[in-house]
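Colleague: Please find input_22.pdb (PDB, C-alpha atoms and all ligand atoms) on the next line:
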```pdb
ATOM      1  CA  MET A 290       9.426   1.644  40.908  1.00  0.00           C
ATOM      2  CA  THR A 291       5.719   2.275  40.749  1.00  0.00           C
ATOM      3  CA  ALA A 292       3.133  -0.199  39.534  1.00  0.00           C
ATOM      4  CA  SER A 293       2.180   2.030  36.583  1.00  0.00           C
ATOM      5  CA  HIS A 294       5.837   2.268  35.541  1.00  0.00           C
ATOM      6  CA  GLU A 295       6.080  -1.516  35.619  1.00  0.00           C
ATOM      7  CA  ALA A 296       2.830  -1.825  33.647  1.00  0.00           C
ATOM      8  CA  SER A 297       4.027   0.590  30.961  1.00  0.00           C
ATOM      9  CA  LYS A 298       7.374  -1.217  30.762  1.00  0.00           C
ATOM     10  CA  GLY A 299       5.515  -4.528  30.334  1.00  0.00           C
ATOM     11  CA  GLN A 300       3.288  -2.969  27.705  1.00  0.00           C
ATOM     12  CA  ARG A 301       6.301  -1.762  25.688  1.00  0.00           C
ATOM     13  CA  GLY A 302       7.827  -5.236  25.961  1.00  0.00           C
ATOM     14  CA  HIS A 303       4.628  -6.840  24.672  1.00  0.00           C
ATOM     15  CA  LEU A 304       4.413  -4.292  21.848  1.00  0.00           C
ATOM     16  CA  ARG A 305       8.042  -4.821  20.802  1.00  0.00           C
ATOM     17  CA  ALA A 306       7.588  -8.591  20.910  1.00  0.00           C
ATOM     18  CA  ALA A 307       4.431  -8.427  18.795  1.00  0.00           C
ATOM     19  CA  LEU A 308       6.065  -6.023  16.346  1.00  0.00           C
ATOM     20  CA  PHE A 309       8.871  -8.518  15.706  1.00  0.00           C
ATOM     21  CA  GLY A 310       6.498 -11.458  15.444  1.00  0.00           C
ATOM     22  CA  PHE A 311       6.611 -13.058  18.881  1.00  0.00           C
ATOM     23  CA  CYS A 312       3.388 -14.313  20.439  1.00  0.00           C
ATOM     24  CA  PRO A 313       2.474 -11.845  23.242  1.00  0.00           C
ATOM     25  CA  ARG A 314       1.345 -14.707  25.506  1.00  0.00           C
ATOM     26  CA  CYS A 315       4.005 -17.434  25.108  1.00  0.00           C
ATOM     27  CA  GLY A 316       6.823 -15.720  23.190  1.00  0.00           C
ATOM     28  CA  ALA A 317       6.930 -18.160  20.251  1.00  0.00           C
ATOM     29  CA  ARG A 318       7.813 -16.519  16.946  1.00  0.00           C
ATOM     30  CA  SER A 319       4.421 -17.123  15.379  1.00  0.00           C
ATOM     31  CA  LEU A 320       2.468 -13.863  15.084  1.00  0.00           C
ATOM     32  CA  TRP A 321       2.959 -12.762  11.471  1.00  0.00           C
ATOM     33  CA  ASP A 322       1.792 -15.039   8.679  1.00  0.00           C
ATOM     34  CA  ALA A 323       1.953 -12.378   5.942  1.00  0.00           C
ATOM     35  CA  PRO A 324       3.934  -9.110   5.761  1.00  0.00           C
ATOM     36  CA  ALA A 325       1.182  -7.359   7.730  1.00  0.00           C
ATOM     37  CA  GLY A 326      -1.236 -10.181   8.542  1.00  0.00           C
ATOM     38  CA  PHE A 327      -1.576 -12.281  11.669  1.00  0.00           C
ATOM     39  CA  ALA A 328      -1.360 -16.070  11.635  1.00  0.00           C
ATOM     40  CA  PRO A 329      -4.757 -17.604  12.561  1.00  0.00           C
ATOM     41  CA  VAL A 330      -3.515 -19.131  15.827  1.00  0.00           C
ATOM     42  CA  CYS A 331      -0.276 -19.510  17.768  1.00  0.00           C
ATOM     43  CA  PRO A 332       0.866 -23.115  17.228  1.00  0.00           C
ATOM     44  CA  ALA A 333       2.635 -23.110  20.610  1.00  0.00           C
ATOM     45  CA  CYS A 334      -0.092 -21.856  22.978  1.00  0.00           C
ATOM     46  CA  GLY A 335      -3.241 -21.834  20.818  1.00  0.00           C
ATOM     47  CA  LEU A 336      -3.968 -18.102  21.180  1.00  0.00           C
ATOM     48  CA  ALA A 337      -6.367 -17.208  18.314  1.00  0.00           C
ATOM     49  CA  PHE A 338      -4.706 -14.097  16.835  1.00  0.00           C
ATOM     50  CA  ALA A 339      -7.395 -13.899  14.120  1.00  0.00           C
ATOM     51  CA  ASP A 340     -10.063 -13.122  16.756  1.00  0.00           C
ATOM     52  CA  TYR A 341      -8.184  -9.949  17.764  1.00  0.00           C
ATOM     53  CA  GLU A 342      -6.919  -8.837  14.334  1.00  0.00           C
ATOM     54  CA  PRO A 343      -7.959  -5.302  13.388  1.00  0.00           C
ATOM     55  CA  ARG A 344      -9.516  -5.296   9.936  1.00  0.00           C
ATOM     56  CA  GLY A 345     -11.541  -3.065   7.696  1.00  0.00           C
ATOM     57  CA  ARG A 346     -11.914   0.608   7.138  1.00  0.00           C
ATOM     58  CA  GLY A 347     -10.368   1.762  10.394  1.00  0.00           C
ATOM     59  CA  LEU A 348      -6.916   1.152   8.968  1.00  0.00           C
ATOM     60  CA  TYR A 349      -7.658   3.555   6.084  1.00  0.00           C
ATOM     61  CA  PHE A 350      -7.501   6.430   8.562  1.00  0.00           C
ATOM     62  CA  VAL A 351      -3.845   5.562   8.980  1.00  0.00           C
ATOM     63  CA  LEU A 352      -3.001   4.505   5.438  1.00  0.00           C
ATOM     64  CA  LEU A 353      -4.516   7.472   3.587  1.00  0.00           C
ATOM     65  CA  PRO A 354      -2.578  10.199   5.461  1.00  0.00           C
ATOM     66  CA  LEU A 355       0.549   8.023   5.281  1.00  0.00           C
ATOM     67  CA  THR A 356       0.162   7.667   1.507  1.00  0.00           C
ATOM     68  CA  ALA A 357      -0.339  11.421   1.158  1.00  0.00           C
ATOM     69  CA  LEU A 358       2.783  11.978   3.264  1.00  0.00           C
ATOM     70  CA  LEU A 359       4.823   9.587   1.092  1.00  0.00           C
ATOM     71  CA  ILE A 360       3.637  11.252  -2.136  1.00  0.00           C
ATOM     72  CA  THR A 361       4.432  14.696  -0.713  1.00  0.00           C
ATOM     73  CA  GLY A 362       7.870  13.447   0.332  1.00  0.00           C
ATOM     74  CA  ALA A 363       8.568  12.057  -3.144  1.00  0.00           C
ATOM     75  CA  LEU A 364       7.480  15.332  -4.768  1.00  0.00           C
ATOM     76  CA  LYS A 365       9.622  17.368  -2.338  1.00  0.00           C
ATOM     77  CA  LEU A 366      12.617  15.122  -3.002  1.00  0.00           C
ATOM     78  CA  ASP A 367      12.082  15.555  -6.735  1.00  0.00           C
ATOM     79  CA  ASP A 368      11.818  19.345  -6.295  1.00  0.00           C
ATOM     80  CA  LEU A 369      14.885  19.705  -4.102  1.00  0.00           C
ATOM     81  CA  ALA A 370      17.354  17.129  -5.419  1.00  0.00           C
ATOM     82  CA  ARG A 371      16.148  16.444  -8.961  1.00  0.00           C
ATOM     83  CA  PRO A 372      17.217  12.790  -8.832  1.00  0.00           C
ATOM     84  CA  PRO A 373      17.048  10.766 -12.070  1.00  0.00           C
ATOM     85  CA  LEU A 374      13.693   9.072 -12.642  1.00  0.00           C
ATOM     86  CA  TRP A 375      15.125   5.556 -12.254  1.00  0.00           C
ATOM     87  CA  LEU A 376      16.459   6.501  -8.803  1.00  0.00           C
ATOM     88  CA  LEU A 377      13.156   8.053  -7.721  1.00  0.00           C
ATOM     89  CA  LEU A 378      11.201   4.995  -8.910  1.00  0.00           C
ATOM     90  CA  GLY A 379      13.719   2.605  -7.359  1.00  0.00           C
ATOM     91  CA  LEU A 380      13.513   4.416  -4.016  1.00  0.00           C
ATOM     92  CA  SER A 381       9.717   4.351  -4.202  1.00  0.00           C
ATOM     93  CA  VAL A 382       9.669   0.596  -4.800  1.00  0.00           C
ATOM     94  CA  VAL A 383      11.810   0.026  -1.696  1.00  0.00           C
ATOM     95  CA  VAL A 384      10.680   2.782   0.665  1.00  0.00           C
ATOM     96  CA  VAL A 385       6.899   2.858   0.126  1.00  0.00           C
ATOM     97  CA  PRO A 386       6.160  -0.833   0.889  1.00  0.00           C
ATOM     98  CA  GLY A 387       8.644  -0.762   3.770  1.00  0.00           C
ATOM     99  CA  VAL A 388       7.056   2.263   5.418  1.00  0.00           C
ATOM    100  CA  ILE A 389       3.508   0.990   4.870  1.00  0.00           C
ATOM    101  CA  MET A 390       4.253  -2.537   6.162  1.00  0.00           C
ATOM    102  CA  GLY A 391       6.172  -1.170   9.151  1.00  0.00           C
ATOM    103  CA  THR A 392       3.364   1.209  10.061  1.00  0.00           C
ATOM    104  CA  LEU A 393       0.683  -1.461   9.613  1.00  0.00           C
ATOM    105  CA  ARG A 394       2.649  -3.878  11.795  1.00  0.00           C
ATOM    106  CA  LEU A 395       3.112  -1.257  14.504  1.00  0.00           C
ATOM    107  CA  ILE A 396      -0.578  -0.333  14.563  1.00  0.00           C
ATOM    108  CA  LYS A 397      -1.834  -3.904  14.368  1.00  0.00           C
ATOM    109  CA  ALA A 398       0.576  -5.007  17.107  1.00  0.00           C
ATOM    110  CA  ALA A 399      -0.540  -2.119  19.365  1.00  0.00           C
ATOM    111  CA  LEU A 400      -4.219  -2.906  18.744  1.00  0.00           C
ATOM    112  CA  LEU A 401      -3.615  -6.614  19.366  1.00  0.00           C
ATOM    113  CA  ILE A 402      -1.986  -5.876  22.729  1.00  0.00           C
ATOM    114  CA  ALA A 403      -4.798  -3.476  23.674  1.00  0.00           C
ATOM    115  CA  ARG A 404      -7.476  -6.020  22.700  1.00  0.00           C
ATOM    116  CA  LEU A 405      -5.718  -8.867  24.518  1.00  0.00           C
ATOM    117  CA  ARG A 406      -5.538  -6.707  27.657  1.00  0.00           C
ATOM    118  CA  ALA A 407      -9.191  -5.727  27.349  1.00  0.00           C
ATOM    119  CA  ALA A 408     -10.125  -9.414  26.987  1.00  0.00           C
ATOM    120  CA  GLY A 409      -8.057 -10.306  30.050  1.00  0.00           C
ATOM    121  CA  VAL A 410      -5.655 -12.570  28.111  1.00  0.00           C
ATOM    122  CA  LEU A 411      -2.643 -10.391  29.041  1.00  0.00           C
ATOM    123  CA  PRO A 412      -2.085  -8.866  32.479  1.00  0.00           C
TER     124      PRO A 412
HETATM  125 ZN    ZN B   1       1.660 -18.312  21.800  1.00  0.00          ZN
END
```
Please lay out the structure from this file as structure tokens.
Modeller:
Amino acid sequence: MTASHEASKGQRGHLRAALFGFCPRCGARSLWDAPAGFAPVCPACGLAFADYEPRGRGLYFVLLPLTALLITGALKLDDLARPPLWLLLGLSVVVVPGVIMGTLRLIKAALLIARLRAAGVLP
């Protein structure tokens, strides 16, 4: 195995751990404090997640196309299957927050790992 293969494998492990809420440094389940918000610090190792949390308008570049995609999907589903309105609204209530939270978590976890590496906190 090459060093870059090992590094990419480690990176995926860190990303998966962060995605599911484990601290990338010590492995304690402490990362997420809100559905898509970091806890201020890891209570186990003291890593200040808040210092590395991506915030602000940059996330709009992900959320706006995602919202457009979800609206287009709902309109296509309505066009093709003609589901009853209650089903379409019920699906929207479940699917839209799930997709948005999942995407936000994935992006924030990836950015956290990248920032921790750039700061030298993670190898
Ligand atoms: Zn920790």
Colleague: Can you give me, as number ranges by chain, the residues this file yields under the PyMOL selection byres (((not hetatm)) within 12 of (chain B and resi 1))?
Modeller: A: 306-307, 310-321, 328-338, 410-411
Colleague: For Gly391 in chain A, list every protein, DNA or RNA residue within 10 Å, evaluated using all atoms listed in the file, and leave out those in the same chain fewer than 6 positions away; present the list as a ChimeraX atom specification.
Modeller: /A:308,324-325,385,397
Colleague: When you draw a straight line from CA of Leu352 in chain A to CA of Leu364 in chain A, how long is it in Å?
Modeller: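 If I compute the distance from CA of Leu352 in chain A to CA of Leu364 in chain A, I get 18.2 Å.
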Colleague: Got a sec to resolve the PyMOL selection byres (((chain A and resi 398) around 9) and not hetatm) on this structure and send the residues as a PyMOL selection string?
Modeller: chain A and resi 303-308+310+342+393-397+399-403
Colleague: Can you spit out the residues from that selection as a compact mmCIF listing (two decimals), in the frame of the given file, using C-alpha atoms?
Modeller:
```
# COMPACT_ATOMS: atom_id res chain seq x y z
CA HIS A 303 4.63 -6.84 24.67
CA LEU A 304 4.41 -4.29 21.85
CA ARG A 305 8.04 -4.82 20.80
CA ALA A 306 7.59 -8.59 20.91
CA ALA A 307 4.43 -8.43 18.80
CA LEU A 308 6.06 -6.02 16.35
CA GLY A 310 6.50 -11.46 15.44
CA GLU A 342 -6.92 -8.84 14.33
CA LEU A 393 0.68 -1.46 9.61
CA ARG A 394 2.65 -3.88 11.80
CA LEU A 395 3.11 -1.26 14.50
CA ILE A 396 -0.58 -0.33 14.56
CA LYS A 397 -1.83 -3.90 14.37
CA ALA A 399 -0.54 -2.12 19.36
CA LEU A 400 -4.22 -2.91 18.74
CA LEU A 401 -3.62 -6.61 19.37
CA ILE A 402 -1.99 -5.88 22.73
CA ALA A 403 -4.80 -3.48 23.67
```
Colleague: Excluding same-chain residues fewer than 4 positions from Leu378 in chain A, what lies within 12 Å of it counting all atoms listed in the file, as a PyMOL selection string?
Modeller: chain A and resi 360+363-364+366-367+372-374+382-385
Colleague: Smallest atom-to-atom distance to Pro343 in chain A: which of A:Asp368, A:Gly387, A:Arg404, A:Thr392, using only C-alpha atoms?
Modeller: A:Arg404
Colleague: To one decimal place in Å, what is the distance between CA of Gly409 in chain A and CA of Phe327 in chain A?
Modeller: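 These two atoms are separated by 19.6 Å.
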